[in-house]
$ cat query24.cif   # mmCIF, C-alpha atoms
data_final
loop_
_atom_site.label_atom_id
_atom_site.label_comp_id
_atom_site.auth_asym_id
_atom_site.auth_seq_id
_atom_site.Cartn_x
_atom_site.Cartn_y
_atom_site.Cartn_z
CA MET A 28 -1.67 15.74 -7.63
CA ALA A 29 -5.00 14.24 -6.78
CA SER A 30 -5.80 14.23 -3.10
CA ILE A 31 -6.28 10.49 -2.81
CA ALA A 32 -2.56 9.80 -3.12
CA ALA A 33 -1.50 12.82 -1.06
CA ARG A 34 -3.77 11.89 1.83
CA ARG A 35 -2.71 8.29 1.93
CA LEU A 36 1.00 9.15 1.56
CA GLY A 37 0.64 11.82 4.23
CA LYS A 38 -0.59 9.16 6.63
CA GLU A 39 2.22 6.79 5.71
CA LEU A 40 4.83 9.51 6.17
CA LYS A 41 3.41 10.49 9.54
CA GLU A 42 3.59 6.88 10.65
CA ILE A 43 7.21 6.60 9.44
CA HIS A 44 8.12 9.73 11.40
CA SER A 45 6.36 8.62 14.57
CA GLU A 46 7.17 4.90 14.57
CA GLY A 47 10.26 4.76 12.39
CA CYS A 48 10.98 2.43 9.50
CA PRO A 49 11.42 -1.33 9.82
CA VAL A 50 14.96 -2.48 10.72
CA GLY A 51 17.38 -2.00 7.85
CA ILE A 52 15.15 0.53 6.07
CA ASN A 53 15.77 4.26 6.34
CA LEU A 54 13.96 7.21 4.85
CA VAL A 55 16.33 9.41 2.85
CA LYS A 56 14.04 11.98 1.33
CA ALA A 57 10.28 12.50 1.06
CA ASP A 58 9.76 16.18 0.37
CA ASP A 59 6.67 15.73 -1.76
CA PHE A 60 4.12 13.07 -2.62
CA GLU A 61 5.70 12.23 -5.94
CA THR A 62 9.12 10.71 -5.25
CA TRP A 63 10.51 9.16 -2.08
CA TRP A 64 13.90 7.58 -1.46
CA PHE A 65 14.91 4.96 1.10
CA THR A 66 18.08 3.09 1.88
CA ILE A 67 17.73 -0.63 2.25
CA GLU A 68 20.08 -3.04 3.92
CA VAL A 69 19.74 -6.75 4.62
CA MET A 70 20.23 -7.47 8.30
CA GLY A 71 22.03 -10.57 9.51
CA GLU A 72 23.84 -13.13 7.37
CA SER A 73 23.18 -12.85 3.68
CA GLU A 74 24.85 -12.45 0.31
CA TYR A 75 24.42 -8.69 0.76
CA LYS A 76 25.91 -8.30 4.22
CA GLY A 77 27.18 -4.79 4.79
CA GLU A 78 25.82 -3.48 1.48
CA VAL A 79 23.44 -0.52 1.40
CA TYR A 80 21.21 0.19 -1.59
CA THR A 81 18.92 3.08 -2.41
CA LEU A 82 15.31 2.54 -3.46
CA GLN A 83 13.27 5.10 -5.33
CA PHE A 84 9.45 5.21 -5.21
CA ARG A 85 7.48 7.24 -7.73
CA PHE A 86 3.78 7.75 -7.12
CA ASP A 87 1.03 8.91 -9.41
CA GLY A 88 -2.13 10.64 -8.24
CA GLN A 89 -4.01 7.35 -8.03
CA TYR A 90 -1.76 5.68 -5.44
CA PRO A 91 -2.59 3.30 -3.71
CA ILE A 92 -5.13 2.19 -6.31
CA SER A 93 -2.29 2.33 -8.78
CA SER A 94 1.02 0.76 -7.78
CA PRO A 95 4.15 2.86 -7.14
CA ALA A 96 7.04 2.70 -9.62
CA VAL A 97 9.86 1.20 -7.54
CA GLN A 98 13.47 0.74 -8.57
CA PHE A 99 17.00 0.79 -7.23
CA VAL A 100 18.95 4.00 -7.75
CA ILE A 101 22.04 3.62 -9.94
CA THR A 102 23.26 7.21 -10.13
CA ASP A 103 25.93 9.00 -8.07
CA GLY A 104 28.03 5.90 -7.73
CA ARG A 105 25.21 3.80 -6.35
CA GLN A 106 24.48 0.39 -7.80
CA ALA A 107 21.63 -2.03 -7.99
CA PRO A 108 22.15 -5.21 -5.99
CA ILE A 109 23.24 -8.19 -8.06
CA HIS A 110 20.19 -10.43 -7.86
CA PRO A 111 18.37 -12.70 -10.34
CA HIS A 112 15.35 -10.35 -10.22
CA VAL A 113 17.16 -7.02 -10.32
CA TYR A 114 18.36 -5.58 -13.61
CA SER A 115 21.52 -3.51 -13.77
CA ASN A 116 19.45 -0.40 -14.57
CA GLY A 117 17.75 -0.76 -11.17
CA HIS A 118 14.47 -2.22 -12.40
CA ILE A 119 13.02 -4.97 -10.25
CA CYS A 120 11.01 -7.94 -11.37
CA ALA A 121 8.72 -8.55 -8.40
CA SER A 122 5.09 -9.57 -8.70
CA ILE A 123 3.86 -7.28 -5.91
CA LEU A 124 5.07 -4.30 -7.93
CA GLY A 125 3.17 -5.54 -10.95
CA ASN A 126 0.22 -7.86 -11.28
CA GLU A 127 0.05 -8.70 -7.59
CA TRP A 128 -0.01 -5.13 -6.32
CA SER A 129 -2.75 -4.50 -3.77
CA PRO A 130 -3.89 -1.12 -2.46
CA VAL A 131 -3.61 -2.38 1.12
CA LEU A 132 0.16 -2.61 0.65
CA SER A 133 2.26 0.37 1.72
CA VAL A 134 5.66 1.86 1.04
CA THR A 135 7.23 0.17 4.05
CA ALA A 136 5.54 -3.14 3.18
CA VAL A 137 7.16 -2.97 -0.27
CA CYS A 138 10.56 -2.18 1.30
CA VAL A 139 10.29 -5.17 3.61
CA THR A 140 9.29 -7.48 0.77
CA LEU A 141 12.27 -6.36 -1.31
CA GLN A 142 14.52 -6.73 1.72
CA SER A 143 13.43 -10.35 2.14
CA MET A 144 13.79 -10.91 -1.60
CA LEU A 145 17.46 -9.99 -1.20
CA ALA A 146 17.84 -11.89 2.06
CA SER A 147 16.68 -15.18 0.54
CA CYS A 148 19.04 -14.96 -2.44
CA LYS A 149 21.50 -17.86 -2.63
CA LYS A 150 23.58 -16.79 -5.59
CA LYS A 151 24.42 -13.27 -6.69
CA GLU A 152 23.75 -13.06 -10.40
CA ARG A 153 21.96 -10.80 -12.84
CA PRO A 154 18.78 -11.91 -14.62
CA ALA A 155 19.61 -14.06 -17.66
CA ASP A 156 18.13 -11.47 -20.04
CA ASN A 157 19.75 -8.47 -18.33
CA ASP A 158 21.59 -7.00 -21.32
CA ARG A 159 18.66 -7.36 -23.69
CA TYR A 160 16.24 -5.86 -21.16
CA VAL A 161 18.42 -2.93 -20.16
CA ARG A 162 19.03 -1.97 -23.78
CA HIS A 163 15.33 -1.49 -24.47
CA ALA A 164 13.89 -0.81 -21.02
CA PRO A 165 11.47 2.09 -20.61
CA ASP A 166 12.33 4.77 -18.07
CA ASN A 167 9.43 3.74 -15.89
CA PRO A 168 9.58 0.08 -14.82
CA LYS A 169 5.78 0.04 -14.58
CA LYS A 170 5.71 0.10 -18.37
CA THR A 171 7.45 -3.28 -18.49
CA GLN A 172 5.41 -6.45 -18.59
CA PHE A 173 7.50 -8.77 -16.47
CA HIS A 174 6.94 -12.50 -16.42
CA TYR A 175 7.02 -13.81 -12.90
CA ASP A 176 8.32 -17.28 -13.53
CA ASP A 177 10.41 -17.98 -10.49
CA ASP A 178 8.93 -18.24 -7.03
CA THR A 179 12.03 -19.64 -5.42
CA VAL A 180 14.18 -16.53 -5.02
CA MET B 118 -34.73 24.33 44.62
CA LYS B 119 -36.42 24.40 41.32
CA VAL B 120 -34.50 23.89 38.11
CA THR B 121 -35.88 25.18 34.91
CA ILE B 122 -34.40 23.84 31.73
CA LYS B 123 -34.28 26.65 29.25
CA HIS B 124 -32.39 25.01 26.49
CA TRP B 125 -30.82 21.66 25.69
CA HIS B 126 -28.73 20.01 23.01
CA ALA B 127 -28.97 16.34 22.17
CA VAL B 128 -25.65 14.71 21.33
CA ALA B 129 -25.44 11.38 19.60
CA GLN B 130 -22.58 9.22 18.42
CA TRP B 131 -22.67 6.54 15.80
CA ARG B 132 -20.47 3.91 14.27
CA TRP B 133 -20.83 1.30 11.60
CA ASP B 134 -21.89 -2.05 12.99
CA THR B 135 -19.21 -4.22 11.43
CA GLY B 136 -19.89 -7.07 13.80
CA LYS B 137 -16.36 -6.70 15.08
CA SER B 138 -14.68 -5.63 18.29
CA GLU B 139 -15.49 -2.70 20.51
CA PRO B 140 -15.27 0.73 18.87
CA ASN B 141 -12.28 1.93 20.84
CA SER B 142 -10.36 -1.28 21.23
CA ASP B 143 -6.69 -1.29 20.43
CA ASP B 144 -7.29 -3.26 17.26
CA SER B 145 -5.80 -0.31 15.38
CA GLU B 146 -5.82 -1.90 11.94
CA GLY B 147 -9.31 -3.20 12.33
CA ASP B 148 -11.19 0.08 12.28
CA VAL B 149 -9.69 1.75 9.24
CA CYS B 150 -10.26 1.16 5.56
CA GLY B 151 -7.21 -0.75 4.32
CA ILE B 152 -7.19 1.21 1.08
CA CYS B 153 -7.32 4.86 2.23
CA ARG B 154 -6.35 4.20 5.90
CA VAL B 155 -9.13 6.50 7.09
CA PRO B 156 -11.35 5.17 9.90
CA PHE B 157 -14.57 3.53 8.73
CA GLU B 158 -16.53 6.28 10.47
CA GLY B 159 -14.66 8.90 8.47
CA CYS B 160 -15.19 9.10 4.77
CA CYS B 161 -13.20 8.06 1.75
CA PRO B 162 -10.85 10.68 0.21
CA THR B 163 -13.41 11.67 -2.42
CA CYS B 164 -16.26 12.36 0.02
CA LYS B 165 -16.80 15.28 2.38
CA MET B 166 -19.42 13.88 4.75
CA PRO B 167 -19.21 10.54 6.49
CA GLY B 168 -22.32 8.47 6.96
CA ASP B 169 -24.90 7.09 4.56
CA ASP B 170 -23.38 8.86 1.57
CA CYS B 171 -20.03 7.14 2.08
CA PRO B 172 -21.02 3.66 3.20
CA LEU B 173 -18.96 0.58 3.84
CA ILE B 174 -18.95 -2.51 1.70
CA TRP B 175 -18.56 -6.00 3.06
CA GLY B 176 -17.25 -8.89 0.97
CA GLU B 177 -17.99 -12.60 1.17
CA CYS B 178 -14.48 -12.93 2.56
CA THR B 179 -15.65 -10.68 5.48
CA HIS B 180 -13.21 -7.88 4.60
CA ILE B 181 -14.62 -4.38 4.86
CA PHE B 182 -13.72 -1.18 2.99
CA HIS B 183 -15.23 2.18 2.21
CA MET B 184 -17.47 1.33 -0.72
CA HIS B 185 -16.02 4.13 -2.86
CA CYS B 186 -12.44 2.98 -2.21
CA LEU B 187 -13.21 -0.61 -3.11
CA LEU B 188 -15.16 0.29 -6.23
CA LYS B 189 -12.26 2.44 -7.41
CA TRP B 190 -9.99 -0.59 -7.01
CA LEU B 191 -12.41 -3.04 -8.66
CA GLY B 192 -12.75 -0.56 -11.52
CA THR B 193 -9.11 -1.13 -12.50
CA ALA B 194 -7.98 -4.03 -14.67
CA ALA B 195 -5.16 -4.61 -12.20
CA SER B 196 -7.63 -5.60 -9.49
CA LYS B 197 -8.71 -8.72 -11.39
CA GLN B 198 -11.88 -8.28 -9.30
CA GLN B 199 -10.02 -9.51 -6.23
CA CYS B 200 -10.25 -8.49 -2.59
CA PRO B 201 -7.17 -6.34 -1.77
CA MET B 202 -6.66 -8.25 1.48
CA ASP B 203 -6.73 -11.88 0.42
CA ARG B 204 -6.91 -11.76 -3.42
CA ARG B 205 -10.04 -13.90 -3.46
CA THR B 206 -12.62 -12.96 -6.06
CA TRP B 207 -14.71 -10.18 -4.58
CA GLY B 208 -18.28 -11.17 -3.91
CA MET B 209 -21.10 -9.74 -1.90
CA PRO B 210 -22.53 -11.95 0.82
CA THR B 211 -26.07 -13.09 0.10
CA LYS B 212 -27.37 -11.69 3.36
CA PHE B 213 -26.04 -8.18 3.29
CA SER B 214 -26.85 -5.92 6.17
CA LEU B 215 -24.62 -3.14 7.32
CA VAL B 216 -26.29 -0.39 9.26
CA ALA B 217 -25.17 2.49 11.37
CA VAL B 218 -26.10 1.91 14.99
CA PRO B 219 -26.17 4.35 17.86
CA CYS B 220 -23.53 3.48 20.43
#

$ encode --input "query24.cif" --output "structure tokens"
Amino acid sequence: MASIAARRLGKELKEIHSEGCPVGINLVKADDFETWWFTIEVMGESEYKGEVYTLQFRFDGQYPISSPAVQFVITDGRQAPIHPHVYSNGHICASILGNEWSPVLSVTAVCVTLQSMLASCKKKERPADNDRYVRHAPDNPKKTQFHYDDDTV
Amino acid sequence: MKVTIKHWHAVAQWRWDTGKSEPNSDDSEGDVCGICRVPFEGCCPTCKMPGDDCPLIWGECTHIFHMHCLLKWLGTAASKQQCPMDRRTWGMPTKFSLVAVPC
């Protein structure tokens, strides 16, 4: 693991431990600088009231120059939220995880963005191409070229 | 009483003159590189010594980063040559002067 990612993630983890996560986000496990898990919950009134989801972050040695691979966890009885941008295999179509990633973003900033993506959802439904995508999806969502064609949700 | 100075050490401090607030103000985000989160006066993760060998770079948009951090970002296709802060095309100001000043 190159030091650039370890140093930056070390700082982020220290900040999470000293200041805590944003409301509705909780750190589950961050034992190394390769994979972290968080729970995410939408606060207040929303389609997802009372539902808790688990997010997985995978980092390569070039983080934050290279974006983290972020997805919802769907093992051990956990499910991905039903949302027009979330596939049933946990992959998320969100521009900040793809072509709008910026190295000034952070793990908690991504969590908050995904939280508000859920919060603003009006209708719980899977993406139209869910079955086709899930059948051929790579293990790592970063290998998918998503088209970001909907700014409304 | 007569004092004889036998030995003395000069101590100096420096910081980059970013044209921004006081060095120790509470503007916590303002004094670190947004990419590596290390203070400007420290060095980027690939350097060992801060100072002239690990300088800052200042964009037209007025955002500042460690030069090495920014160049690493601009060297990726994903950057689209944009500033990480505001996604404007990265450009160097025509009048570029960033010097370390004693404080």

$ resolve_selection --input "query24.cif" --expression "the PyMOL selection byres ((chain A) within 6 of (chain B))" --output "PyMOL selection string"
chain A and resi 31+35+92+129-131

$ resolve_selection --input "query24.cif" --expression "the PyMOL selection byres ((chain B and resi 171) around 9)" --output "PyMOL selection string"
chain B and resi 159-161+164-170+172-173+183-185

$ closest_residue --input "query24.cif" --among "B:Glu158, B:Val149, B:Met118, B:Trp175" --to "Arg132 in chain B" --atoms "all atoms listed in the file"
B:Glu158

$ axis_aligned_box --input "query24.cif" --around "range 42-53 of chain A" --padding-each-side "6 Å" --output "lines of an AutoDock Vina configuration file"
center_x = 10.5
center_y = 3.6
center_z = 10.3
size_x = 25.8
size_y = 24.2
size_z = 20.5

$ residues_around --input "query24.cif" --residues "Asp58 in chain A" --least-positions-apart "3" --cutoff "12 Å" --atoms "all atoms listed in the file" --output "mmCIF file with C-alpha atoms, in the frame of the given file"
data_model
loop_
_atom_site.group_PDB
_atom_site.id
_atom_site.type_symbol
_atom_site.label_atom_id
_atom_site.label_comp_id
_atom_site.auth_asym_id
_atom_site.auth_seq_id
_atom_site.Cartn_x
_atom_site.Cartn_y
_atom_site.Cartn_z
ATOM 1 C CA ALA A 33 -1.500 12.820 -1.060
ATOM 2 C CA LEU A 36 1.000 9.150 1.560
ATOM 3 C CA GLY A 37 0.640 11.820 4.230
ATOM 4 C CA LEU A 40 4.830 9.510 6.170
ATOM 5 C CA LEU A 54 13.960 7.210 4.850
ATOM 6 C CA VAL A 55 16.330 9.410 2.850
ATOM 7 C CA GLU A 61 5.700 12.230 -5.940
ATOM 8 C CA THR A 62 9.120 10.710 -5.250
ATOM 9 C CA TRP A 63 10.510 9.160 -2.080
ATOM 10 C CA TRP A 64 13.900 7.580 -1.460
#

$ atom_distance --input "query24.cif" --atom1 "CA of Met209 in chain B" --atom2 "CA of His180 in chain B"
10.4 Å

$ atom_distance --input "query24.cif" --atom1 "CA of Ala96 in chain A" --atom2 "CA of Leu124 in chain A"
7.5 Å

$ atom_distance --input "query24.cif" --atom1 "CA of Phe182 in chain B" --atom2 "CA of Thr206 in chain B"
14.9 Å

$ closest_residue --input "query24.cif" --among "A:Gly51, A:Gly71, A:Pro168, A:Pro154" --to "Val97 in chain A" --atoms "all atoms listed in the file"
A:Pro168

$ resolve_selection --input "query24.cif" --expression "the PyMOL selection byres ((chain A and resi 98) around 6)" --output "JSON, numbers by chain"
{"A": [82, 83, 97, 99, 117, 118, 119]}

$ write_last_selection --input "query24.cif" --atoms "C-alpha atoms" --output "PDB file, in the coordinates of the input"
ATOM      1  CA  LEU A  82      15.310   2.540  -3.460  1.00  0.00           C
ATOM      2  CA  GLN A  83      13.270   5.100  -5.330  1.00  0.00           C
ATOM      3  CA  VAL A  97       9.860   1.200  -7.540  1.00  0.00           C
ATOM      4  CA  PHE A  99      17.000   0.790  -7.230  1.00  0.00           C
ATOM      5  CA  GLY A 117      17.750  -0.760 -11.170  1.00  0.00           C
ATOM      6  CA  HIS A 118      14.470  -2.220 -12.400  1.00  0.00           C
ATOM      7  CA  ILE A 119      13.020  -4.970 -10.250  1.00  0.00           C
TER       8      ILE A 119
END

$ closest_residue --input "query24.cif" --among "A:Ser94, A:Gln89, A:Ser122, A:Ser115" --to "Met144 in chain A" --atoms "all atoms listed in the file"
A:Ser122

$ residues_around --input "query24.cif" --residues "Phe173 in chain A" --least-positions-apart "4" --cutoff "12 Å" --atoms "all atoms listed in the file" --output "MDAnalysis selection string"
chainID A and resid 112:114 118:127 154 156 160 164 168:169 177

$ closest_residue --input "query24.cif" --among "A:Lys170, A:Tyr175, A:Tyr80, A:Phe60" --to "Glu39 in chain A" --atoms "all atoms listed in the file"
A:Phe60

$ decode --input "query24.cif" --residues "range 54-91 of chain A" --atoms "N, CA and C atoms" --output "PDB file, in the first residue's frame"
ATOM      1  N   LEU A  54     -19.397   4.448  11.619  1.00  0.00           N
ATOM      2  CA  LEU A  54     -18.285   3.599  11.195  1.00  0.00           C
ATOM      3  C   LEU A  54     -18.485   2.200  11.772  1.00  0.00           C
ATOM      4  N   VAL A  55     -18.418   1.190  10.923  1.00  0.00           N
ATOM      5  CA  VAL A  55     -18.555  -0.189  11.381  1.00  0.00           C
ATOM      6  C   VAL A  55     -17.178  -0.811  11.575  1.00  0.00           C
ATOM      7  N   LYS A  56     -16.340  -0.663  10.568  1.00  0.00           N
ATOM      8  CA  LYS A  56     -15.049  -1.334  10.622  1.00  0.00           C
ATOM      9  C   LYS A  56     -14.071  -0.612   9.698  1.00  0.00           C
ATOM     10  N   ALA A  57     -12.892  -0.302  10.239  1.00  0.00           N
ATOM     11  CA  ALA A  57     -11.825   0.286   9.428  1.00  0.00           C
ATOM     12  C   ALA A  57     -10.505  -0.181  10.021  1.00  0.00           C
ATOM     13  N   ASP A  58     -10.214  -1.456   9.836  1.00  0.00           N
ATOM     14  CA  ASP A  58      -9.021  -2.035  10.453  1.00  0.00           C
ATOM     15  C   ASP A  58      -7.767  -1.867   9.601  1.00  0.00           C
ATOM     16  N   ASP A  59      -7.976  -1.501   8.346  1.00  0.00           N
ATOM     17  CA  ASP A  59      -6.794  -1.266   7.492  1.00  0.00           C
ATOM     18  C   ASP A  59      -7.125  -0.106   6.551  1.00  0.00           C
ATOM     19  N   PHE A  60      -6.242   0.165   5.636  1.00  0.00           N
ATOM     20  CA  PHE A  60      -6.489   1.251   4.694  1.00  0.00           C
ATOM     21  C   PHE A  60      -6.873   0.699   3.327  1.00  0.00           C
ATOM     22  N   GLU A  61      -7.556  -0.431   3.353  1.00  0.00           N
ATOM     23  CA  GLU A  61      -8.002  -1.023   2.093  1.00  0.00           C
ATOM     24  C   GLU A  61      -9.531  -1.103   1.997  1.00  0.00           C
ATOM     25  N   THR A  62     -10.175  -1.505   3.086  1.00  0.00           N
ATOM     26  CA  THR A  62     -11.637  -1.616   3.052  1.00  0.00           C
ATOM     27  C   THR A  62     -12.233  -1.066   4.345  1.00  0.00           C
ATOM     28  N   TRP A  63     -13.187  -0.178   4.196  1.00  0.00           N
ATOM     29  CA  TRP A  63     -13.919   0.364   5.350  1.00  0.00           C
ATOM     30  C   TRP A  63     -15.407   0.108   5.141  1.00  0.00           C
ATOM     31  N   TRP A  64     -16.118  -0.052   6.262  1.00  0.00           N
ATOM     32  CA  TRP A  64     -17.567  -0.219   6.199  1.00  0.00           C
ATOM     33  C   TRP A  64     -18.261   0.802   7.093  1.00  0.00           C
ATOM     34  N   PHE A  65     -19.375   1.315   6.601  1.00  0.00           N
ATOM     35  CA  PHE A  65     -20.195   2.267   7.361  1.00  0.00           C
ATOM     36  C   PHE A  65     -21.653   1.827   7.280  1.00  0.00           C
ATOM     37  N   THR A  66     -22.425   2.191   8.311  1.00  0.00           N
ATOM     38  CA  THR A  66     -23.870   2.075   8.145  1.00  0.00           C
ATOM     39  C   THR A  66     -24.390   3.458   7.788  1.00  0.00           C
ATOM     40  N   ILE A  67     -25.442   3.454   7.009  1.00  0.00           N
ATOM     41  CA  ILE A  67     -26.006   4.726   6.555  1.00  0.00           C
ATOM     42  C   ILE A  67     -27.521   4.666   6.710  1.00  0.00           C
ATOM     43  N   GLU A  68     -28.053   5.756   7.216  1.00  0.00           N
ATOM     44  CA  GLU A  68     -29.470   5.827   7.525  1.00  0.00           C
ATOM     45  C   GLU A  68     -29.946   7.230   7.173  1.00  0.00           C
ATOM     46  N   VAL A  69     -31.104   7.331   6.561  1.00  0.00           N
ATOM     47  CA  VAL A  69     -31.630   8.649   6.217  1.00  0.00           C
ATOM     48  C   VAL A  69     -32.424   9.190   7.399  1.00  0.00           C
ATOM     49  N   MET A  70     -32.059  10.348   7.874  1.00  0.00           N
ATOM     50  CA  MET A  70     -32.725  10.919   9.036  1.00  0.00           C
ATOM     51  C   MET A  70     -33.978  11.678   8.590  1.00  0.00           C
ATOM     52  N   GLY A  71     -34.960  11.736   9.430  1.00  0.00           N
ATOM     53  CA  GLY A  71     -36.179  12.475   9.122  1.00  0.00           C
ATOM     54  C   GLY A  71     -37.091  11.703   8.189  1.00  0.00           C
ATOM     55  N   GLU A  72     -38.061  12.426   7.626  1.00  0.00           N
ATOM     56  CA  GLU A  72     -39.047  11.783   6.748  1.00  0.00           C
ATOM     57  C   GLU A  72     -38.434  11.465   5.396  1.00  0.00           C
ATOM     58  N   SER A  73     -38.546  10.229   4.996  1.00  0.00           N
ATOM     59  CA  SER A  73     -38.110   9.860   3.650  1.00  0.00           C
ATOM     60  C   SER A  73     -38.662   8.483   3.317  1.00  0.00           C
ATOM     61  N   GLU A  74     -38.461   8.082   2.085  1.00  0.00           N
ATOM     62  CA  GLU A  74     -38.889   6.757   1.639  1.00  0.00           C
ATOM     63  C   GLU A  74     -38.158   5.655   2.412  1.00  0.00           C
ATOM     64  N   TYR A  75     -37.046   6.006   3.028  1.00  0.00           N
ATOM     65  CA  TYR A  75     -36.185   4.995   3.662  1.00  0.00           C
ATOM     66  C   TYR A  75     -36.200   5.087   5.188  1.00  0.00           C
ATOM     67  N   LYS A  76     -37.221   5.729   5.712  1.00  0.00           N
ATOM     68  CA  LYS A  76     -37.321   5.922   7.156  1.00  0.00           C
ATOM     69  C   LYS A  76     -37.161   4.595   7.911  1.00  0.00           C
ATOM     70  N   GLY A  77     -36.273   4.604   8.879  1.00  0.00           N
ATOM     71  CA  GLY A  77     -36.081   3.425   9.711  1.00  0.00           C
ATOM     72  C   GLY A  77     -35.246   2.315   9.078  1.00  0.00           C
ATOM     73  N   GLU A  78     -34.769   2.534   7.852  1.00  0.00           N
ATOM     74  CA  GLU A  78     -33.972   1.499   7.188  1.00  0.00           C
ATOM     75  C   GLU A  78     -32.489   1.824   7.318  1.00  0.00           C
ATOM     76  N   VAL A  79     -31.697   0.794   7.615  1.00  0.00           N
ATOM     77  CA  VAL A  79     -30.252   0.997   7.767  1.00  0.00           C
ATOM     78  C   VAL A  79     -29.523   0.163   6.719  1.00  0.00           C
ATOM     79  N   TYR A  80     -28.628   0.784   5.991  1.00  0.00           N
ATOM     80  CA  TYR A  80     -27.878   0.091   4.948  1.00  0.00           C
ATOM     81  C   TYR A  80     -26.389   0.123   5.273  1.00  0.00           C
ATOM     82  N   THR A  81     -25.667  -0.820   4.682  1.00  0.00           N
ATOM     83  CA  THR A  81     -24.218  -0.849   4.910  1.00  0.00           C
ATOM     84  C   THR A  81     -23.493  -0.489   3.621  1.00  0.00           C
ATOM     85  N   LEU A  82     -22.537   0.442   3.756  1.00  0.00           N
ATOM     86  CA  LEU A  82     -21.733   0.887   2.619  1.00  0.00           C
ATOM     87  C   LEU A  82     -20.318   0.341   2.753  1.00  0.00           C
ATOM     88  N   GLN A  83     -19.777  -0.118   1.649  1.00  0.00           N
ATOM     89  CA  GLN A  83     -18.396  -0.590   1.654  1.00  0.00           C
ATOM     90  C   GLN A  83     -17.545   0.336   0.779  1.00  0.00           C
ATOM     91  N   PHE A  84     -16.396   0.738   1.316  1.00  0.00           N
ATOM     92  CA  PHE A  84     -15.419   1.536   0.562  1.00  0.00           C
ATOM     93  C   PHE A  84     -14.190   0.681   0.329  1.00  0.00           C
ATOM     94  N   ARG A  85     -13.722   0.606  -0.894  1.00  0.00           N
ATOM     95  CA  ARG A  85     -12.436  -0.042  -1.166  1.00  0.00           C
ATOM     96  C   ARG A  85     -11.484   0.991  -1.759  1.00  0.00           C
ATOM     97  N   PHE A  86     -10.285   1.048  -1.199  1.00  0.00           N
ATOM     98  CA  PHE A  86      -9.315   2.061  -1.628  1.00  0.00           C
ATOM     99  C   PHE A  86      -8.121   1.394  -2.303  1.00  0.00           C
ATOM    100  N   ASP A  87      -7.596   2.050  -3.327  1.00  0.00           N
ATOM    101  CA  ASP A  87      -6.309   1.580  -3.841  1.00  0.00           C
ATOM    102  C   ASP A  87      -5.222   2.512  -3.326  1.00  0.00           C
ATOM    103  N   GLY A  88      -3.997   2.213  -3.632  1.00  0.00           N
ATOM    104  CA  GLY A  88      -2.870   2.969  -3.083  1.00  0.00           C
ATOM    105  C   GLY A  88      -2.796   4.403  -3.566  1.00  0.00           C
ATOM    106  N   GLN A  89      -3.616   4.754  -4.544  1.00  0.00           N
ATOM    107  CA  GLN A  89      -3.551   6.109  -5.093  1.00  0.00           C
ATOM    108  C   GLN A  89      -4.668   7.016  -4.564  1.00  0.00           C
ATOM    109  N   TYR A  90      -5.514   6.481  -3.650  1.00  0.00           N
ATOM    110  CA  TYR A  90      -6.526   7.351  -3.052  1.00  0.00           C
ATOM    111  C   TYR A  90      -5.812   8.524  -2.383  1.00  0.00           C
ATOM    112  N   PRO A  91      -6.277   9.764  -2.448  1.00  0.00           N
ATOM    113  CA  PRO A  91      -7.530  10.237  -3.044  1.00  0.00           C
ATOM    114  C   PRO A  91      -7.396  10.683  -4.504  1.00  0.00           C
TER     115      PRO A  91
END
